[in-house]
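Take a look at the structure below.
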Amino acid sequence: MPDNDTVTRVSRRLRDVLEPLAGQVYFAPECHQAYEKLGFGPSPAMSHDVALPDGPAYFTSRGSVMGQVPGEVVAAAFGVFNPAVVIPAVAMGWERTDAATICAARTDGAVAQLTRILGPEPAGLDRAKEVLTRVSDGLGPEGRPLYAGVRSQGAPGSPLGDLFWLADLLREFRGDSHINAWVGAGLDPVEIGLLTELWLGLPMATYLRSRAWSAEQMTAGKERLQSRGLIDGDGFSPAGRSLRAAIEETTDHQLRGVVDTLGDDADELFELLAHWSRQIIDAGGYPRGGAADIGRTGRS
C-alpha cells in the first residue's frame with residue numbers, strides 16, 4: 001500500500017489533471033445551447049473567453065445524475081451552495097424538463113465540446129480509458145451521492161463519451177469525499193468556504209459569493225470561525241491552517257484505493273490527461289488559472 005505522502009501527492013495530481021476534462025461540462029457552449037432549447041436561460045456572461053453557466057440549468061443538469069430529485073437533495077449533495085437558491089432553481093428546472101432529458105443533454109454537450117477541441121479519438125484515448133476504468137471499478141458508493149449518481153448512468157458507449165464519464169466519476173468521488181471530510185470536521189458550508197478561500201490565497205468572502213451566500217451570512221460565518229480560534233483577523237490562525245490542511249489530507253486519504261490501483265501507470269496517465277486538459281483550457285473550454293484552482297475545493 002502507498003504511504004500517506006504518496007497518496008497525497010498522487011491523488012492531488014490526479015485531481016488537477018482531471019478537473020478541466022470533467023469540469024468542462026459546466027462551460028461548454030454545446031451544453032448551454034442544449035439547456036436553452038429545454039427552456040433554461042442562455043449562458044449569462046463570458047469570463048476570459050469562457051462561457052459561464054446559467055444557474056438553474058447548472059443545478060438541474062448536474063443534479064439529474066441522481067434522478068428527478070427535489071432541490072433539497074441537490075443542495076445536500078452539492079454541499080457548498082445556499083439551499084435557499086438551489087431549491088427553487090431545481091423546482092423551476094423540473095417544470096421545464098425531466099432528469100433523463102437534461103442528463104442526456106449534459107453528456108451530449110460535454111462530448112461535443114471534447115470532440116470539437118480534442119478530435120474524435122485523440123492519441124492515447126484507449127490507454128487512458130483502460131487505466132481509468134480499472135481505477136474506478138473498485139470504488140464503492142457509500143457516502144458519495146453524486147459519484148453514485150454518475151455511476152448509475154453507465155458509460156455512454158462512445159470513445160470520448162466514456163472518457164468524460166470516467167473523468168466525471170472520479171471528480172465526483174473526490175468531491176463527495178471532500179464534503180465528508182469537512183462535515184466530519186464540524187464545519188458548515190460558509191465556514192469551509194471561508195477557510196478554503198484562505199487556503200487558496202484569496203481574500204475572504206470573495207469567491208464564496210458565487211455560492212449564493214449573503215454578506216450577512218458570510219460575516220456570521222467569519223465570527224463563528226473567530227470564536228473557535230480558527231482565524232485571526234482576515235487570516236488563518238495556526239489552528240485554522242492545521243484544520244484546513246487536515247481536511248485536504250482526509251480527502252486525499254479517501255482516494256488511497258485509487259492511488260494503489262494506479263500504481264506505476266500514474267505518470268503515463270497523468271501525461272495524457274494533462275495534455276488534453278491544457279488543450280481544453282487553451283480553447284476556452286474551462287477557466288484558466290484561478291478558476292481552475294477553485295475546482296480543487298471539490299465542488300465547482
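Ligands are numbered from 1 in the order shown, chains are lettered A, B, ... in the order of the C-alpha cells, and residues start at 1 in each chain.
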Legend entry - DSSP strand (DSSP E or B) selection over segment 140-279 of chain A, as a PyMOL selection string: chain A and resi 231-232+235-236
Residues of segment 107-138 of chain A at most 12 Å from segment 61-78 of chain A: nearest atom pair and distance in Å, only C-alpha atoms, as a Markdown table:
| residue | atom | partner | partner_atom | distance |
| --- | --- | --- | --- | --- |
| A:Thr107 | CA | A:Ser61 | CA | 9.5 |
| A:Asp108 | CA | A:Ser61 | CA | 11.9 |
| A:Gly109 | CA | A:Ser61 | CA | 11.2 |
| A:Ala110 | CA | A:Ser61 | CA | 11.7 |
Mind dumping the selected residues with C-alpha atoms as a CSV table (one decimal), in the first residue's frame?
chain,number,residue,atom,x,y,z
A,107,THR,CA,-23.5,14.3,-21.6
A,108,ASP,CA,-24.0,15.1,-25.3
A,109,GLY,CA,-22.9,18.6,-24.8
A,110,ALA,CA,-19.8,17.6,-22.9
Legend entry - Contacts of segment 194-210 of chain A within 9 Å, only C-alpha atoms, excl. fewer than 6 positions in-chain, as a PyMOL selection string: chain A and resi 80-81+218-219+221-222+225+230-231+234-236+240-241+244-245+290+293-294+297
Could you produce a table of the residues of segment 172-217 of chain A lying within 12 Å of segment 256-279 of chain A, with the nearest pair of atoms per residue and their separation in Å rounded to one decimal, using only C-alpha atoms, ordered by chain and increasing residue number, as JSON lines?
{"residue": "A:Phe173", "atom": "CA", "partner": "A:Val258", "partner_atom": "CA", "distance": 10.4}
{"residue": "A:Arg174", "atom": "CA", "partner": "A:Val258", "partner_atom": "CA", "distance": 10.4}
{"residue": "A:Ser177", "atom": "CA", "partner": "A:Arg256", "partner_atom": "CA", "distance": 11.6}
Inset, instruction - Could you give me, as number ranges by chain, each residue of segment 188-273 of chain A that DSSP assigns to alpha helix (DSSP H) when run on this structure's backbone? - result: A: 189-199, 215-227, 238-253, 256-262, 266-273
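Omitting Gly154 of chain A and its sequence neighbours fewer than 6 positions away, and counting only C-alpha atoms, the residues within 10 Å are Asp162, Trp165 and Leu166 of chain A.
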Could those residues be written to a file, using C-alpha atoms, as a PDB file, in the first residue's frame?
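result_20.pdb was written with the following content:
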ATOM      1  CA  ASP A 162     -16.701   7.047 -21.962  1.00  0.00           C
ATOM      2  CA  TRP A 165     -17.944   9.625 -17.867  1.00  0.00           C
ATOM      3  CA  LEU A 166     -14.844   8.163 -16.218  1.00  0.00           C
TER       4      LEU A 166
END
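For the choices A:Gly186, A:Gly55, A:Gly119, A:Gly143, the atom-to-atom distance to Arg224 of chain A is smallest for A:Gly186 when using only C-alpha atoms.
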Inset, instruction - Would you kindly return, as number ranges by chain, each protein, DNA or RNA residue with an atom no farther than 9 Å from any atom of Pro29 of chain A, considering only C-alpha atoms and excluding same-chain residues fewer than 4 positions away? - result: A: 25, 33-34, 43, 50-53, 109, 113, 285
Inset, instruction - Name all residues at most 10 Å from Gly140 of chain A (count only C-alpha atoms; drop same-chain ones fewer than 4 positions away) and give them as number ranges by chain. - result: A: 136, 144, 147-148, 151, 173
File of the preceding selection, all heavy atoms, as a short mmCIF file (atom, residue, chain, number, x, y, z; two decimals), in the first residue's frame:
data_model
loop_
_atom_site.label_atom_id
_atom_site.label_comp_id
_atom_site.auth_asym_id
_atom_site.auth_seq_id
_atom_site.Cartn_x
_atom_site.Cartn_y
_atom_site.Cartn_z
N SER A 136 -11.59 3.05 -11.37
CA SER A 136 -12.94 3.34 -10.88
C SER A 136 -13.72 2.09 -10.52
O SER A 136 -14.65 2.15 -9.70
CB SER A 136 -13.72 4.15 -11.92
OG SER A 136 -13.93 3.38 -13.10
N ARG A 144 -21.38 8.77 -0.99
CA ARG A 144 -20.98 9.56 -2.17
C ARG A 144 -22.13 9.62 -3.17
O ARG A 144 -22.16 8.89 -4.17
CB ARG A 144 -19.72 8.95 -2.77
CG ARG A 144 -18.52 9.02 -1.81
CD ARG A 144 -17.27 8.45 -2.41
NE ARG A 144 -16.16 8.64 -1.51
CZ ARG A 144 -15.81 7.77 -0.56
NH1 ARG A 144 -16.52 6.66 -0.37
NH2 ARG A 144 -14.78 8.02 0.23
N TYR A 147 -21.19 10.73 -6.97
CA TYR A 147 -20.45 9.64 -7.59
C TYR A 147 -21.40 8.50 -7.93
O TYR A 147 -21.38 7.95 -9.04
CB TYR A 147 -19.34 9.14 -6.67
CG TYR A 147 -18.81 7.78 -7.07
CD1 TYR A 147 -17.91 7.65 -8.12
CD2 TYR A 147 -19.24 6.63 -6.41
CE1 TYR A 147 -17.45 6.40 -8.51
CE2 TYR A 147 -18.78 5.39 -6.78
CZ TYR A 147 -17.89 5.28 -7.83
OH TYR A 147 -17.44 4.04 -8.22
N ALA A 148 -22.25 8.11 -6.98
CA ALA A 148 -23.19 7.02 -7.21
C ALA A 148 -24.15 7.36 -8.35
O ALA A 148 -24.52 6.50 -9.16
CB ALA A 148 -23.96 6.70 -5.94
N ARG A 151 -22.30 7.00 -11.61
CA ARG A 151 -22.12 5.56 -11.83
C ARG A 151 -23.41 4.92 -12.34
O ARG A 151 -23.39 4.06 -13.23
CB ARG A 151 -21.65 4.91 -10.53
CG ARG A 151 -21.60 3.40 -10.53
CD ARG A 151 -20.50 2.84 -11.41
NE ARG A 151 -19.20 2.98 -10.79
CZ ARG A 151 -18.06 2.61 -11.40
NH1 ARG A 151 -18.09 2.09 -12.61
NH2 ARG A 151 -16.90 2.78 -10.80
N PHE A 173 -16.27 11.58 -7.10
CA PHE A 173 -15.83 10.76 -5.97
C PHE A 173 -14.99 11.61 -5.02
O PHE A 173 -15.18 11.56 -3.80
CB PHE A 173 -15.02 9.56 -6.47
CG PHE A 173 -14.66 8.58 -5.39
CD1 PHE A 173 -15.50 7.52 -5.08
CD2 PHE A 173 -13.48 8.70 -4.66
CE1 PHE A 173 -15.19 6.62 -4.08
CE2 PHE A 173 -13.15 7.81 -3.65
CZ PHE A 173 -14.00 6.76 -3.37
#
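Checking A:Asn82, A:Ile247, A:Phe59, A:Ala155 one by one against Pro189 of chain A, counting only C-alpha atoms, you find the shortest gap at A:Asn82.
Of the listed residues A:Ala105, A:Ser237, A:Gly124, A:Ala99, the one whose atoms come nearest to Gly149 of chain A is A:Ala99, with distances taken using only C-alpha atoms.
Between atom CA of Tyr286 of chain A and atom CA of Ala28 of chain A the interatomic distance comes to 8.0 Å.
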Inset, instruction - Tell me, in Å to one decimal, how far atom CA of Gly161 of chain A is from atom CA of Ala112 of chain A. - result: 9.0 Å
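Distances from A:Pro20, A:Arg228, A:Val111, A:Leu243 to Gly157 of chain A were compared using only C-alpha atoms, and the smallest one belongs to A:Val111.
In terms of minimum interatomic distance to Thr8 of chain A, A:Leu255 ranks closest within A:Leu38, A:Ile281, A:Val150, A:Leu255, counting only C-alpha atoms.
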